[in-house]
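Undergrad: Please find one structure pasted underneath; my questions will follow.
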Amino acid sequence: MATASKELVEALRATALRVSEGAAYQWGHYGHCNCGHLAQTLTGHGPHELQRRATASEGEWRDQAQEHCPTSGAPLGEVIGEMLGAGLSIDDIVALETLDHPRVLERLPDGRRHLRRNQRQDLVLYLHLWADLLSEELPREAEGGRTPAVALSMHS
């Protein structure tokens with residue numbers, strides 16, 4: 001479950017801006033895909049470093065996140081650990097890869113219910129909607145009068 005924080009909201013928005021402004025976007029590249037772009041923002045690792053780390057193990061982001069063990073020493077494990085430390089959950093990483101977190105999808109405009117995981121504009125929309133959702137959940141002192149932090153859970 002993602003924990004709402006000003007830093008995470010800013011990272012989601014910064015990632016959306018970078019992707020919308022034309023950053024390399026490629027579904028099959030660990031550093032240029034949905035998770036890779038957010039990982040760049042949260043960890044400071046470049047796309048080629050993320051690709052190098054990810055290909056040292058088997059599976060996509062979803063697979064490596066679900067198998068994450070902080071003591072395994074897997075090269076992408078450190079990156080996933082940093083993402084978890086920023087407030088994300090394993091479920092958030094899995095949902096980001098496929099753009100399908102139910103609470104984010106509830107906010108889609110114009111009656112849309114689905115996003116395409118490999119479409120730049122859908123990633124940008126997802127990141128903005130997710131940032132807005134978390135922003136609304138920030139503690140009052142962090143966002144001037146909003147309600148206390150609530151976790152974003154895949155099981156809500």
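Every chain in the structure tokens takes a letter, A first, then B, and so on in the order presented; its residues are numbered from 1, and the ligands are numbered from 1 following the presented order.
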Give me, as a Markdown table, each residue of region 38-121 of chain A that comes within 9 Å of region 6-30 of chain A, together with its shortest interatomic pair and the distance in Å at one decimal, counting only C-alpha atoms, with rows ordered by chain and rising residue number.

TA:
| residue | atom | partner | partner_atom | distance |
| --- | --- | --- | --- | --- |
| A:Leu38 | CA | A:Thr15 | CA | 5.9 |
| A:Gln40 | CA | A:Thr15 | CA | 8.3 |
| A:Thr41 | CA | A:Ala11 | CA | 6.1 |
| A:Leu42 | CA | A:Ala11 | CA | 6.5 |
| A:Pro47 | CA | A:Tyr30 | CA | 7.1 |
| A:His48 | CA | A:Tyr30 | CA | 8.2 |
| A:Leu50 | CA | A:Tyr30 | CA | 6.1 |
| A:Gln51 | CA | A:Tyr30 | CA | 4.8 |
| A:Arg52 | CA | A:Tyr30 | CA | 8.5 |
| A:Arg53 | CA | A:Tyr30 | CA | 8.9 |
| A:Ala54 | CA | A:Tyr30 | CA | 6.6 |
| A:Thr55 | CA | A:Tyr30 | CA | 8.2 |
| A:Glu60 | CA | A:Tyr30 | CA | 7.9 |
| A:Trp61 | CA | A:Tyr30 | CA | 7.5 |
| A:Ala86 | CA | A:Leu8 | CA | 6.6 |
| A:Gly87 | CA | A:Leu8 | CA | 7.0 |
| A:Leu88 | CA | A:Leu8 | CA | 8.5 |
| A:Arg117 | CA | A:Trp27 | CA | 8.0 |
| A:Asn118 | CA | A:Trp27 | CA | 5.4 |
| A:Gln119 | CA | A:Trp27 | CA | 8.3 |
| A:Arg120 | CA | A:Tyr25 | CA | 6.8 |
| A:Gln121 | CA | A:Ser20 | CA | 7.2 |

Undergrad: Identify, on the basis of only C-alpha atoms, every residue whose closest approach to His114 (chain A) does not exceed 10 Å; exclude the query and any residue fewer than 5 positions from it along the same chain; express the result as a short mmCIF file (atom, residue, chain, number, x, y, z; two decimals) with C-alpha atoms, in the first residue's frame.

TA:
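Below is the file that was written, result05.cif:
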data_model
loop_
_atom_site.label_atom_id
_atom_site.label_comp_id
_atom_site.auth_asym_id
_atom_site.auth_seq_id
_atom_site.Cartn_x
_atom_site.Cartn_y
_atom_site.Cartn_z
CA LEU A 99 -1.79 0.56 -15.06
CA ASP A 100 -4.61 -1.16 -13.24
CA HIS A 101 -4.88 -0.07 -9.61
CA PRO A 102 -8.65 -0.01 -8.94
CA LEU A 105 -8.93 3.63 -12.39
CA GLU A 106 -12.03 4.85 -10.52
CA LEU A 108 -10.61 7.95 -15.05
CA ASP A 122 -2.06 6.41 -20.52
#

Undergrad: Compile the contact shell of Ala74 (chain A) as a ChimeraX atom specification: residues with an atom at most 8 Å away, counting only C-alpha atoms, same-chain residues fewer than 2 positions apart removed.

TA: /A:56-57,72,76-78

Undergrad: Those same residues - C-alpha atoms - I'd like them written as a CSV table (one decimal), in the first residue's frame.

TA:
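Result saved to out.csv:
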chain,number,residue,atom,x,y,z
A,56,ALA,CA,20.6,-9.9,-14.2
A,57,SER,CA,17.5,-11.8,-13.0
A,72,SER,CA,18.6,-11.7,-1.6
A,76,LEU,CA,17.0,-5.0,-9.0
A,77,GLY,CA,16.2,-5.8,-5.4
A,78,GLU,CA,18.0,-2.7,-4.2

Undergrad: Going by DSSP on the backbone, which bits of chain A are alpha helix (DSSP H)? Write them as a PyMOL selection string, please.

TA: chain A and resi 6-20+34-43+47-54+61-66+75-85+90-98+102-105+120-136+140-143

Undergrad: Among chain A, which residues carry a DSSP assignment of strand (DSSP E), reported as a list in words?

TA: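 Answer for chain A, restricted to strand (DSSP E): Ala2, Thr3, Ala151 and Leu152 of chain A.
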
Undergrad: Could you check the closest approach to Asp132 (chain A) for each of A:Arg103, A:His45, A:Arg113, A:His37 and tell me which residue wins, using only C-alpha atoms?

TA: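 Checking each candidate against Asp132 (chain A), we get A:Arg103 as the closest.
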
Undergrad: So how many Å separate CA of Arg116 (chain A) and CA of Glu136 (chain A), to one decimal?

TA: 25.2 Å
